[in-house]
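Undergrad: For reference, the file data34.txt (compact mmCIF, C-alpha atoms) is included below:
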# COMPACT_ATOMS: atom_id res chain seq x y z
CA MET A 1322 0.00 0.00 0.00
CA LYS A 1323 2.87 2.39 0.82
CA SER A 1324 4.43 1.83 -2.59
CA LEU A 1325 1.07 2.44 -4.30
CA ILE A 1326 0.62 5.71 -2.39
CA ALA A 1327 4.15 6.77 -3.39
CA GLU A 1328 3.41 6.10 -7.06
CA ILE A 1329 0.14 8.06 -6.87
CA ASP A 1330 1.96 11.01 -5.27
CA ALA A 1331 4.43 11.01 -8.18
CA ILE A 1332 1.66 11.58 -10.74
CA ASP A 1333 1.57 15.15 -12.04
CA GLU A 1334 -1.53 17.15 -11.12
CA VAL A 1335 -1.50 19.23 -14.31
CA GLU A 1336 -0.38 18.04 -17.74
CA VAL A 1337 2.04 20.49 -19.38
CA PHE A 1338 3.14 19.89 -22.94
CA GLY A 1339 5.03 21.44 -25.85
CA ARG A 1340 5.92 20.49 -29.41
CA VAL A 1341 8.95 19.11 -31.24
CA LYS A 1342 10.61 22.00 -33.07
CA ALA A 1343 13.65 20.30 -34.67
CA VAL A 1344 15.61 17.03 -34.72
CA GLN A 1345 19.36 17.03 -35.41
CA GLY A 1346 21.05 13.67 -35.03
CA LEU A 1347 20.00 12.46 -31.59
CA LEU A 1348 19.28 15.99 -30.35
CA ILE A 1349 15.59 16.95 -30.18
CA GLU A 1350 14.53 20.59 -29.73
CA VAL A 1351 11.24 21.16 -27.94
CA VAL A 1352 9.29 24.40 -27.54
CA GLY A 1353 7.00 24.90 -24.59
CA PRO A 1354 6.42 26.94 -21.41
CA LEU A 1355 9.98 27.62 -20.19
CA ARG A 1356 8.86 28.18 -16.59
CA GLU A 1357 8.01 24.46 -16.37
CA LEU A 1358 11.32 23.22 -17.79
CA ARG A 1359 14.62 22.50 -16.05
CA VAL A 1360 17.85 20.72 -16.82
CA GLY A 1361 17.50 17.07 -15.82
CA GLY A 1362 13.72 17.11 -16.26
CA ARG A 1363 11.93 14.43 -18.27
CA VAL A 1364 9.88 14.76 -21.46
CA LYS A 1365 7.67 12.12 -23.11
CA ILE A 1366 7.32 12.60 -26.86
CA GLU A 1367 4.24 10.95 -28.40
CA THR A 1368 5.60 9.37 -31.58
CA SER A 1369 2.27 7.69 -32.42
CA ALA A 1370 -1.10 7.01 -30.86
CA SER A 1371 0.20 4.21 -28.63
CA THR A 1372 3.93 4.78 -28.19
CA SER A 1373 6.05 7.48 -26.59
CA LEU A 1374 9.76 8.25 -26.36
CA GLU A 1375 11.17 9.38 -23.03
CA CYS A 1376 13.86 12.08 -23.16
CA GLU A 1377 15.87 14.14 -20.70
CA ILE A 1378 16.39 17.90 -20.91
CA ILE A 1379 20.13 18.51 -21.08
CA GLY A 1380 20.16 22.25 -21.85
CA PHE A 1381 18.55 25.22 -23.57
CA ARG A 1382 19.27 27.15 -26.77
CA ASP A 1383 17.40 30.15 -28.19
CA GLY A 1384 14.45 29.54 -25.89
CA HIS A 1385 14.16 25.86 -26.86
CA ALA A 1386 14.73 22.85 -24.62
CA LEU A 1387 17.47 20.51 -25.86
CA CYS A 1388 16.55 16.86 -25.21
CA LEU A 1389 18.36 13.56 -25.65
CA PRO A 1390 16.31 10.34 -25.96
CA PHE A 1391 16.44 7.16 -23.90
CA GLY A 1392 15.61 5.16 -27.04
CA PRO A 1393 15.76 5.33 -30.85
CA VAL A 1394 14.45 8.53 -32.44
CA GLU A 1395 12.71 6.73 -35.32
CA GLY A 1396 9.12 7.94 -35.57
CA VAL A 1397 9.74 11.40 -34.09
CA ARG A 1398 8.41 14.12 -36.40
CA LEU A 1399 8.02 17.86 -36.28
CA GLY A 1400 5.07 18.95 -34.20
CA CYS A 1401 4.95 15.80 -32.05
CA ARG A 1402 3.36 16.41 -28.68
CA ALA A 1403 5.96 16.55 -25.88
CA ILE A 1404 4.60 16.08 -22.36
CA PHE A 1405 6.76 17.47 -19.53
CA VAL A 1406 7.02 15.07 -16.60
CA GLY A 1407 7.34 16.45 -13.09
CA HIS A 1408 9.85 13.94 -11.70
CA ASP A 1409 13.51 13.65 -12.70
CA GLY A 1410 13.60 9.87 -12.61
CA ALA A 1411 13.40 7.67 -9.52
CA VAL A 1412 13.32 3.98 -8.66
CA TYR A 1413 11.57 2.02 -5.90
CA PRO A 1414 14.10 -0.67 -4.94
CA ASP A 1415 13.31 -3.65 -2.75
CA VAL A 1416 15.30 -6.43 -1.09
CA SER A 1417 13.56 -8.92 -3.40
CA TRP A 1418 15.56 -7.46 -6.31
CA LEU A 1419 18.56 -9.54 -5.24
CA GLY A 1420 19.30 -12.19 -7.83
CA ARG A 1421 17.84 -10.16 -10.69
CA VAL A 1422 19.20 -8.55 -13.86
CA ILE A 1423 17.71 -5.14 -14.69
CA ASN A 1424 18.18 -2.33 -17.21
CA ALA A 1425 18.99 1.33 -16.58
CA ASN A 1426 15.31 2.14 -15.90
CA GLY A 1427 15.07 -0.48 -13.15
CA GLU A 1428 13.06 -2.87 -15.34
CA PRO A 1429 13.73 -6.64 -15.35
CA ILE A 1430 15.42 -8.15 -18.41
CA ASP A 1431 15.99 -11.69 -17.09
CA ASP A 1432 12.57 -13.21 -17.90
CA LYS A 1433 11.87 -13.92 -14.22
CA GLY A 1434 8.73 -11.85 -13.92
CA PRO A 1435 8.07 -8.31 -12.67
CA LEU A 1436 9.98 -6.68 -9.82
CA THR A 1437 8.42 -5.85 -6.47
CA THR A 1438 7.96 -2.10 -6.04
CA GLY A 1439 9.56 -0.80 -2.86
CA ALA A 1440 7.91 1.66 -0.49
CA LYS A 1441 10.47 4.47 -0.85
CA ALA A 1442 11.43 6.41 -3.97
CA CYS A 1443 15.19 6.72 -4.45
CA SER A 1444 16.52 9.48 -6.69
CA LEU A 1445 19.05 8.43 -9.31
CA ARG A 1446 21.20 11.53 -8.82
CA THR A 1447 21.71 12.03 -5.10
CA SER A 1448 24.54 14.03 -3.57
CA PRO A 1449 27.36 12.23 -1.72
CA LEU A 1450 27.15 12.14 2.07
CA PRO A 1451 28.71 15.12 3.87
CA ALA A 1452 32.37 14.43 4.59
CA HIS A 1453 32.16 15.29 8.30
CA ARG A 1454 29.27 12.84 8.90
CA ARG A 1455 30.90 9.84 7.25
CA GLY A 1456 32.49 7.01 9.15
CA ARG A 1457 36.06 5.85 8.54
CA VAL A 1458 37.01 2.88 6.38
CA GLY A 1459 36.58 -0.40 8.21
CA VAL A 1460 38.55 -3.59 8.66
CA PRO A 1461 40.35 -5.35 5.77
CA LEU A 1462 37.92 -6.92 3.31
CA ASP A 1463 38.68 -10.45 2.12
CA LEU A 1464 38.45 -10.41 -1.69
CA GLY A 1465 39.45 -14.06 -2.10
CA VAL A 1466 42.20 -13.16 -4.61
CA ARG A 1467 45.76 -13.68 -3.30
CA ALA A 1468 47.46 -10.93 -5.31
CA LEU A 1469 44.96 -8.29 -4.15
CA ASN A 1470 44.58 -9.47 -0.55
CA SER A 1471 48.34 -9.45 0.01
CA PHE A 1472 49.71 -6.56 -2.02
CA THR A 1473 46.73 -4.17 -2.34
CA THR A 1474 44.66 -4.89 0.76
CA VAL A 1475 41.20 -3.32 0.54
CA CYS A 1476 39.22 -2.10 3.54
CA GLU A 1477 35.45 -1.88 3.92
CA GLY A 1478 34.27 1.38 2.41
CA GLN A 1479 37.33 1.88 0.22
CA ARG A 1480 37.15 2.78 -3.48
CA LEU A 1481 39.61 1.11 -5.82
CA GLY A 1482 40.15 1.33 -9.57
CA ILE A 1483 41.06 -1.60 -11.84
CA PHE A 1484 43.01 -0.23 -14.81
CA ALA A 1485 43.48 -2.42 -17.88
CA GLY A 1486 43.29 -2.51 -21.66
CA SER A 1487 40.69 -4.52 -23.54
CA GLY A 1488 40.97 -8.32 -23.34
CA VAL A 1489 43.33 -8.40 -20.34
CA GLY A 1490 40.87 -10.10 -17.96
CA LYS A 1491 38.93 -7.37 -16.14
CA SER A 1492 35.57 -9.14 -16.41
CA VAL A 1493 36.96 -12.45 -15.14
CA LEU A 1494 38.59 -10.69 -12.19
CA MET A 1495 35.29 -8.93 -11.44
CA SER A 1496 33.43 -12.25 -11.43
CA MET A 1497 36.00 -13.69 -8.98
CA LEU A 1498 35.54 -10.68 -6.69
CA ALA A 1499 31.74 -10.88 -6.90
CA ARG A 1500 31.74 -14.55 -5.87
CA ASN A 1501 34.51 -14.49 -3.26
CA THR A 1502 34.29 -11.12 -1.49
CA GLN A 1503 32.82 -11.26 1.99
CA SER A 1504 29.96 -8.78 1.62
CA ASP A 1505 26.23 -8.81 2.31
CA VAL A 1506 25.21 -7.51 -1.13
CA ALA A 1507 26.92 -7.06 -4.50
CA ILE A 1508 25.69 -4.43 -6.98
CA ILE A 1509 27.26 -4.90 -10.42
CA GLY A 1510 26.93 -2.30 -13.17
CA LEU A 1511 27.79 -3.40 -16.72
CA ILE A 1512 28.06 -0.06 -18.55
CA GLY A 1513 28.46 -0.18 -22.33
CA GLU A 1514 29.03 -3.94 -22.21
CA ARG A 1515 28.98 -6.16 -25.28
CA GLY A 1516 25.51 -7.66 -25.62
CA ARG A 1517 26.68 -11.24 -26.07
CA GLU A 1518 28.83 -11.09 -22.91
CA VAL A 1519 26.01 -10.22 -20.51
CA ARG A 1520 24.54 -13.73 -20.38
CA GLU A 1521 28.05 -15.25 -20.26
CA PHE A 1522 28.96 -13.05 -17.30
CA VAL A 1523 25.76 -13.77 -15.37
CA THR A 1524 25.53 -17.50 -16.13
CA ASP A 1525 29.13 -18.70 -16.44
CA GLN A 1526 31.34 -16.24 -14.57
CA LEU A 1527 29.01 -15.05 -11.82
CA GLY A 1528 27.16 -18.35 -11.46
CA GLU A 1529 24.19 -19.31 -9.30
CA GLU A 1530 26.02 -18.65 -6.02
CA GLY A 1531 27.24 -15.23 -7.10
CA ILE A 1532 23.89 -13.99 -8.42
CA LYS A 1533 21.99 -14.88 -5.23
CA LYS A 1534 23.34 -11.88 -3.35
CA ALA A 1535 23.75 -9.59 -6.37
CA ILE A 1536 21.80 -7.21 -8.58
CA VAL A 1537 23.19 -6.76 -12.10
CA VAL A 1538 22.44 -3.48 -13.90
CA VAL A 1539 22.98 -3.68 -17.67
CA ALA A 1540 23.27 -1.04 -20.39
CA THR A 1541 24.83 -2.49 -23.54
CA SER A 1542 27.04 -0.55 -25.96
CA ASP A 1543 24.24 -0.14 -28.53
CA GLU A 1544 21.95 1.73 -26.11
CA PRO A 1545 21.74 5.55 -26.13
CA ALA A 1546 24.21 7.59 -24.09
CA LEU A 1547 21.55 8.55 -21.53
CA MET A 1548 20.80 4.89 -20.80
CA ARG A 1549 24.50 4.10 -20.30
CA ARG A 1550 24.94 7.06 -17.99
CA GLN A 1551 21.74 6.29 -16.08
CA ALA A 1552 22.86 2.68 -15.54
CA ALA A 1553 25.87 4.03 -13.65
CA TYR A 1554 23.62 6.28 -11.53
CA LEU A 1555 21.25 3.38 -10.82
CA THR A 1556 24.15 1.16 -9.73
CA LEU A 1557 25.19 3.68 -7.07
CA THR A 1558 21.55 4.32 -6.07
CA LEU A 1559 20.98 0.62 -5.34
CA ALA A 1560 24.26 0.45 -3.41
CA GLU A 1561 23.16 3.43 -1.28
CA TYR A 1562 19.76 1.80 -0.67
CA PHE A 1563 21.33 -1.30 0.89
CA ARG A 1564 24.01 0.74 2.66
CA ASP A 1565 21.28 2.72 4.46
CA GLN A 1566 19.92 -0.61 5.71
CA GLY A 1567 23.24 -1.27 7.46
CA LYS A 1568 24.55 -3.71 4.83
CA LYS A 1569 28.16 -4.13 3.72
CA VAL A 1570 27.81 -3.51 0.00
CA LEU A 1571 30.27 -4.38 -2.74
CA CYS A 1572 29.66 -2.05 -5.70
CA MET A 1573 31.41 -2.96 -8.96
CA MET A 1574 31.21 -1.10 -12.23
CA ASP A 1575 32.59 -2.05 -15.65
CA SER A 1576 33.53 0.43 -16.83
CA LEU A 1577 34.01 4.06 -15.81
CA THR A 1578 35.51 4.81 -19.21
CA ARG A 1579 32.25 3.97 -20.97
CA PHE A 1580 30.37 6.15 -18.47
CA ALA A 1581 32.76 8.98 -19.39
CA MET A 1582 32.22 8.29 -23.11
CA ALA A 1583 28.44 8.50 -22.60
CA GLN A 1584 28.84 11.81 -20.78
CA ARG A 1585 31.11 12.99 -23.61
CA GLU A 1586 28.33 12.31 -26.14
CA ILE A 1587 25.86 14.24 -24.00
CA GLY A 1588 28.23 17.16 -23.43
CA LEU A 1589 29.19 17.53 -27.07
CA ALA A 1590 25.50 17.39 -28.10
CA THR A 1591 24.84 20.47 -25.94
CA GLY A 1592 27.69 22.37 -27.59
CA GLU A 1593 30.33 22.04 -24.86
CA PRO A 1594 33.89 22.62 -26.05
CA PRO A 1595 35.98 19.44 -26.32
CA THR A 1596 39.16 19.39 -24.22
CA ALA A 1597 41.55 16.47 -23.58
CA LYS A 1598 40.88 13.70 -26.13
CA GLY A 1599 37.53 15.28 -26.94
CA TYR A 1600 36.16 15.01 -23.39
CA PRO A 1601 34.20 18.15 -22.39
CA PRO A 1602 34.54 19.71 -18.90
CA THR A 1603 31.35 18.07 -17.56
CA VAL A 1604 32.99 14.63 -17.78
CA PHE A 1605 35.59 15.62 -15.19
CA ALA A 1606 32.87 17.17 -13.03
CA GLU A 1607 30.57 14.12 -13.18
CA LEU A 1608 33.27 11.56 -12.31
CA PRO A 1609 33.85 12.75 -8.71
CA ARG A 1610 30.10 13.25 -8.17
CA LEU A 1611 29.55 9.61 -9.10
CA LEU A 1612 32.54 8.09 -7.31
CA GLU A 1613 32.11 10.04 -4.07
CA ARG A 1614 28.74 8.35 -3.58
CA ALA A 1615 30.64 5.15 -2.76
CA GLY A 1616 32.56 4.81 0.48
CA PRO A 1617 31.73 4.61 4.20
CA GLY A 1618 28.21 5.46 5.24
CA LEU A 1619 27.14 7.44 8.27
CA ILE A 1620 28.96 6.59 11.49
CA ASN A 1621 27.92 3.13 12.77
CA SER A 1622 25.98 2.33 9.58
CA GLY A 1623 26.65 0.32 6.40
CA SER A 1624 29.31 0.96 3.78
CA VAL A 1625 29.82 0.80 0.01
CA THR A 1626 33.12 -0.69 -1.11
CA GLY A 1627 33.64 0.42 -4.69
CA LEU A 1628 35.63 -1.44 -7.36
CA PHE A 1629 35.56 0.44 -10.67
CA THR A 1630 37.25 -0.71 -13.87
CA VAL A 1631 38.90 1.77 -16.23
CA LEU A 1632 39.41 0.74 -19.84
CA VAL A 1633 42.69 2.46 -20.74
CA GLU A 1634 42.73 3.31 -24.45
CA GLY A 1635 45.76 1.99 -26.31
CA ASP A 1636 47.14 0.61 -23.01
CA ASP A 1637 48.04 4.21 -22.10
CA HIS A 1638 47.65 4.41 -18.32
CA ASN A 1639 48.16 8.18 -18.41
CA GLU A 1640 45.22 8.99 -20.70
CA PRO A 1641 42.81 11.66 -19.34
CA ILE A 1642 40.12 9.44 -17.78
CA ALA A 1643 42.63 7.11 -16.11
CA ASP A 1644 44.55 10.11 -14.78
CA ALA A 1645 41.41 11.77 -13.39
CA VAL A 1646 40.09 8.58 -11.76
CA ARG A 1647 43.42 7.81 -10.08
CA GLY A 1648 43.25 11.17 -8.34
CA ILE A 1649 39.75 10.50 -6.99
CA LEU A 1650 39.93 6.89 -5.80
CA ASP A 1651 41.71 5.37 -2.80
CA GLY A 1652 44.06 3.22 -4.83
CA HIS A 1653 44.44 1.44 -8.14
CA ILE A 1654 45.08 -2.05 -9.48
CA VAL A 1655 47.05 -2.14 -12.74
CA MET A 1656 46.55 -5.08 -15.10
CA GLU A 1657 49.10 -5.39 -17.93
CA ARG A 1658 48.83 -7.02 -21.33
CA ALA A 1659 52.43 -8.28 -21.18
CA ILE A 1660 51.64 -10.31 -18.04
CA ALA A 1661 48.48 -11.73 -19.62
CA GLU A 1662 50.40 -12.67 -22.77
CA ARG A 1663 52.74 -14.88 -20.80
CA GLY A 1664 49.77 -16.71 -19.29
CA ARG A 1665 49.61 -15.42 -15.73
CA TYR A 1666 46.08 -14.54 -14.59
CA PRO A 1667 44.92 -12.34 -13.00
CA ALA A 1668 47.42 -10.18 -14.89
CA VAL A 1669 48.01 -7.77 -11.99
CA ASN A 1670 51.26 -5.81 -11.82
CA VAL A 1671 51.60 -5.59 -8.04
CA LEU A 1672 54.57 -3.20 -8.29
CA ARG A 1673 52.45 -0.57 -10.05
CA SER A 1674 49.34 -1.20 -7.93
CA ILE A 1675 48.68 0.60 -4.67
CA SER A 1676 46.08 0.74 -1.90
CA ARG A 1677 46.14 4.00 0.04
CA THR A 1678 44.58 2.44 3.16
CA MET A 1679 46.95 -0.53 3.21
CA PRO A 1680 49.72 0.76 5.56
CA ALA A 1681 47.24 1.20 8.40
CA CYS A 1682 45.42 -2.12 8.01
CA VAL A 1683 48.23 -4.68 7.58
CA PRO A 1684 49.51 -6.31 10.83
CA GLU A 1685 53.02 -5.18 11.78
CA ASN A 1686 54.35 -8.76 11.87
CA VAL A 1687 53.31 -9.26 8.23
CA GLN A 1688 54.79 -6.05 6.84
CA PRO A 1689 58.40 -7.42 6.60
CA VAL A 1690 57.08 -10.33 4.52
CA LEU A 1691 55.35 -8.02 2.08
CA GLN A 1692 58.37 -5.71 1.88
CA LYS A 1693 60.69 -8.61 1.06
CA ALA A 1694 58.31 -10.01 -1.54
CA ARG A 1695 58.04 -6.58 -3.21
CA GLU A 1696 61.81 -6.21 -3.10
CA TYR A 1697 62.37 -9.56 -4.82
CA LEU A 1698 59.77 -8.74 -7.48
CA SER A 1699 61.32 -5.31 -8.05
CA VAL A 1700 64.89 -6.66 -8.30
CA PHE A 1701 63.84 -9.34 -10.77
CA ALA A 1702 61.90 -6.79 -12.86
CA ASP A 1703 64.96 -4.52 -13.02
CA MET A 1704 67.27 -7.36 -14.10
CA GLU A 1705 64.76 -9.34 -16.18
CA GLU A 1706 66.18 -8.44 -19.60
CA LEU A 1707 69.74 -9.32 -18.57
CA ILE A 1708 68.58 -12.59 -16.99
CA ARG A 1709 66.62 -13.68 -20.05
CA LEU A 1710 69.53 -12.79 -22.36
CA GLY A 1711 71.95 -14.75 -20.17
CA ALA A 1712 74.04 -11.64 -19.49
CA TYR A 1713 73.78 -11.98 -15.71
CA ARG A 1714 76.30 -14.25 -14.02
CA LYS A 1715 75.12 -16.12 -10.94
CA GLY A 1716 76.89 -14.99 -7.79
CA SER A 1717 77.38 -11.38 -8.91
CA ASP A 1718 74.72 -10.07 -6.50
CA PRO A 1719 73.15 -12.11 -3.64
CA LYS A 1720 69.88 -10.13 -3.88
CA VAL A 1721 69.51 -10.87 -7.57
CA ASP A 1722 70.34 -14.54 -6.96
CA LYS A 1723 67.62 -14.74 -4.30
CA ALA A 1724 65.14 -12.89 -6.56
CA ILE A 1725 65.80 -15.42 -9.36
CA GLU A 1726 65.41 -18.30 -6.90
CA VAL A 1727 62.00 -17.23 -5.56
CA ASN A 1728 60.60 -15.67 -8.76
CA GLY A 1729 58.93 -18.87 -9.96
CA ALA A 1730 57.22 -19.36 -6.59
CA LEU A 1731 56.09 -15.71 -6.48
CA GLU A 1732 54.66 -15.96 -10.02
CA ALA A 1733 52.77 -19.10 -8.96
CA PHE A 1734 51.50 -17.24 -5.88
CA LEU A 1735 50.22 -14.33 -7.99
CA SER A 1736 48.53 -16.70 -10.45
CA GLN A 1737 45.07 -17.94 -9.45
CA SER A 1738 42.38 -19.87 -11.30
CA GLN A 1739 38.90 -18.47 -11.67
CA ASN A 1740 37.28 -20.94 -9.25
CA GLU A 1741 40.01 -20.79 -6.60
CA LYS A 1742 39.68 -18.80 -3.37
CA THR A 1743 42.35 -17.81 -0.85
CA THR A 1744 41.73 -15.92 2.40
CA ILE A 1745 43.92 -13.08 3.64
CA ALA A 1746 45.54 -15.23 6.36
CA GLU A 1747 46.21 -18.10 3.93
CA GLY A 1748 47.83 -15.66 1.50
CA TYR A 1749 50.15 -14.31 4.20
CA GLU A 1750 51.22 -17.84 5.18
CA LEU A 1751 51.95 -18.84 1.57
CA LEU A 1752 53.93 -15.66 0.96
CA ALA A 1753 55.89 -16.04 4.20
CA ALA A 1754 56.93 -19.56 3.21
CA ILE A 1755 58.20 -18.27 -0.15
CA VAL A 1756 60.34 -15.42 1.24
CA GLU A 1757 61.41 -17.45 4.31
CA GLU A 1758 59.98 -15.02 6.83
CA VAL A 1759 57.48 -16.90 8.98
CA PRO A 1760 55.30 -14.50 10.99
CA ASP A 1761 52.72 -15.37 13.60
CA VAL A 1762 49.54 -15.01 11.48
Please rewrite the model in this file as structure tokens.
TA:
Amino acid sequence: MKSLIAEIDAIDEVEVFGRVKAVQGLLIEVVGPLRELRVGGRVKIETSASTSLECEIIGFRDGHALCLPFGPVEGVRLGCRAIFVGHDGAVYPDVSWLGRVINANGEPIDDKGPLTTGAKACSLRTSPLPAHRRGRVGVPLDLGVRALNSFTTVCEGQRLGIFAGSGVGKSVLMSMLARNTQSDVAIIGLIGERGREVREFVTDQLGEEGIKKAIVVVATSDEPALMRRQAAYLTLTLAEYFRDQGKKVLCMMDSLTRFAMAQREIGLATGEPPTAKGYPPTVFAELPRLLERAGPGLINSGSVTGLFTVLVEGDDHNEPIADAVRGILDGHIVMERAIAERGRYPAVNVLRSISRTMPACVPENVQPVLQKAREYLSVFADMEELIRLGAYRKGSDPKVDKAIEVNGALEAFLSQSQNEKTTIAEGYELLAAIVEEVPDV
């Protein structure tokens, strides 16, 4: 009954409408009473007697509202009736949504029947919590992946980026994290994903166990820019909904780059000037607004641990989006094509990866083990070319000799199959045995 009352309250009392003035590409110009229009507002264009196209107002020009559609513009003609909707988009989430696959509008796409409407409307574009009211990051979070647990330890409420080129294994790593991470709920946003990979991810990689505690939000690459952007907003909205219930939420998004590309399309359509690599200024304003919504909740409440992938174009880890995201998040995981090409998965370069909360959350008796392991990996990386060419002579440097001796074991430690799980304590014990430093763990 509460949800029904909420839906009735959302109905507009007075119908206000305008007309389609022009269509240029995906941009639709609408004329109407300007006092009723606002950026972010919704418009429903009646394309025929029985169908309508929902749009969002993204700006104004010469007294006309500039709208971008949530669907294909076929059927829109000059003079079409455009009804202005009072709300700016909201969803009514419910706990029963767990285990479901939905689109950017919060509608089911998994053929499992309709979704239960929750009692409370949740806005898609909420502001992040005030900094002074937030709690601190919590205890270390067991991700189940040895390389990440040991070398880039993540705490509850932390936000981490996974940086990689295409085809390096981001999706497989995400599925491992979704299944193995010790969280109450997992919210997974597939933004601009290939259509054929959605079912593979849900059925094969996530599996029945992984989907039970997850909600998957999907916006494929062929959908309009507004749908791809809204899928990212919906992912964070659902994470906030469960966080406010005191849950430990794992929020994963693949990928932030496609969210930025969607915002680039929207910005350029409004006439914004392109800057770095064609990205307009609003892209770099929207990224922190989105990412800051993840993190610790109010003191003594739930948290949202965020893992966001960044698709680095041309394997350039210094391209604009990667650079901007690194400055916002609390650490980054770097996956390299060269490591994947030699058959080690997950292809994480632990020397280039960092967790900003790690120094404070790793036990003191374990830190010497991690330092030695990093030292051996670093020494071997520096001498790798000489070693492979046979130019290094054994006995020249004891540190290099030790690095060569333990390198095979360290590579085996960093390699992990998709269905394998290792806890934080087990990872420390394995690593201590390799570097011959046995702590009390």
Undergrad: Can you write out as CSV which residues of region 1510-1536 of chain A fall within 12 Å of region 1566-1573 of chain A, alongside each residue's closest atom pair and its distance in Å to one decimal, counting all atoms listed in the file and ordering rows by chain and ascending residue number?
TA:
residue,atom,partner,partner_atom,distance
A:Gly1510,CA,A:Met1573,CA,6.2
A:Leu1511,CA,A:Met1573,CA,8.6
A:Ile1512,CA,A:Met1573,CA,10.6
A:Lys1534,CA,A:Val1570,CA,10.1
A:Ala1535,CA,A:Leu1571,CA,9.1
A:Ile1536,CA,A:Cys1572,CA,9.8
Undergrad: Using CA of Ala1425 (chain A) and CA of Val1364 (chain A) as the two end points, give the distance in Å to one decimal.
TA: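 Result for CA of Ala1425 (chain A) versus CA of Val1364 (chain A): 16.9 Å, one decimal.
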Undergrad: Find the residues near Leu1650 (chain A): any atom within 12 Å, counting all atoms listed in the file, skip ones fewer than 5 places away on the same chain, and give them as a PyMOL selection string.
TA: chain A and resi 1478-1484+1577+1608-1616+1626-1631+1643-1645+1675-1678
Undergrad: Determine, counting only C-alpha atoms, every residue of protein, DNA or RNA that lies within 12 Å of (57.7, -5.3, 0.3) in the file coordinates, then give the result as a PyMOL selection string.
TA: chain A and resi 1471-1473+1671-1672+1675+1680+1683+1687-1700+1752-1753+1756+1758
Undergrad: Which residues are near Ala1403 (chain A)? Cut-off 10 Å, only C-alpha atoms, ignore same chain within fewer than 2 positions. Put them as a list in words.
TA: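 The residues that qualify are Val1337, Phe1338, Gly1339, Arg1340, Val1341, Val1351, Val1352, Gly1353, Arg1363, Val1364, Lys1365, Ile1366, Glu1367, Thr1368, Ser1373, Leu1374, Glu1375, Cys1376, Gly1400, Cys1401, Phe1405 and Val1406 of chain A.
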Undergrad: Distance CA of Glu1544 (chain A)-CA of Lys1433 (chain A), one decimal place?
TA: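 Answer for the CA of Glu1544 (chain A) to CA of Lys1433 (chain A) separation: 22.1 Å.
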Undergrad: Identify which of the residues A:Gly1384, A:Gly1396, A:Gly1513, A:Pro1461 lies closest to Asn1424 (chain A), counting all atoms listed in the file when measuring atom-to-atom distances.
TA: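 Using all atoms listed in the file, Asn1424 (chain A) sits closest to A:Gly1513.
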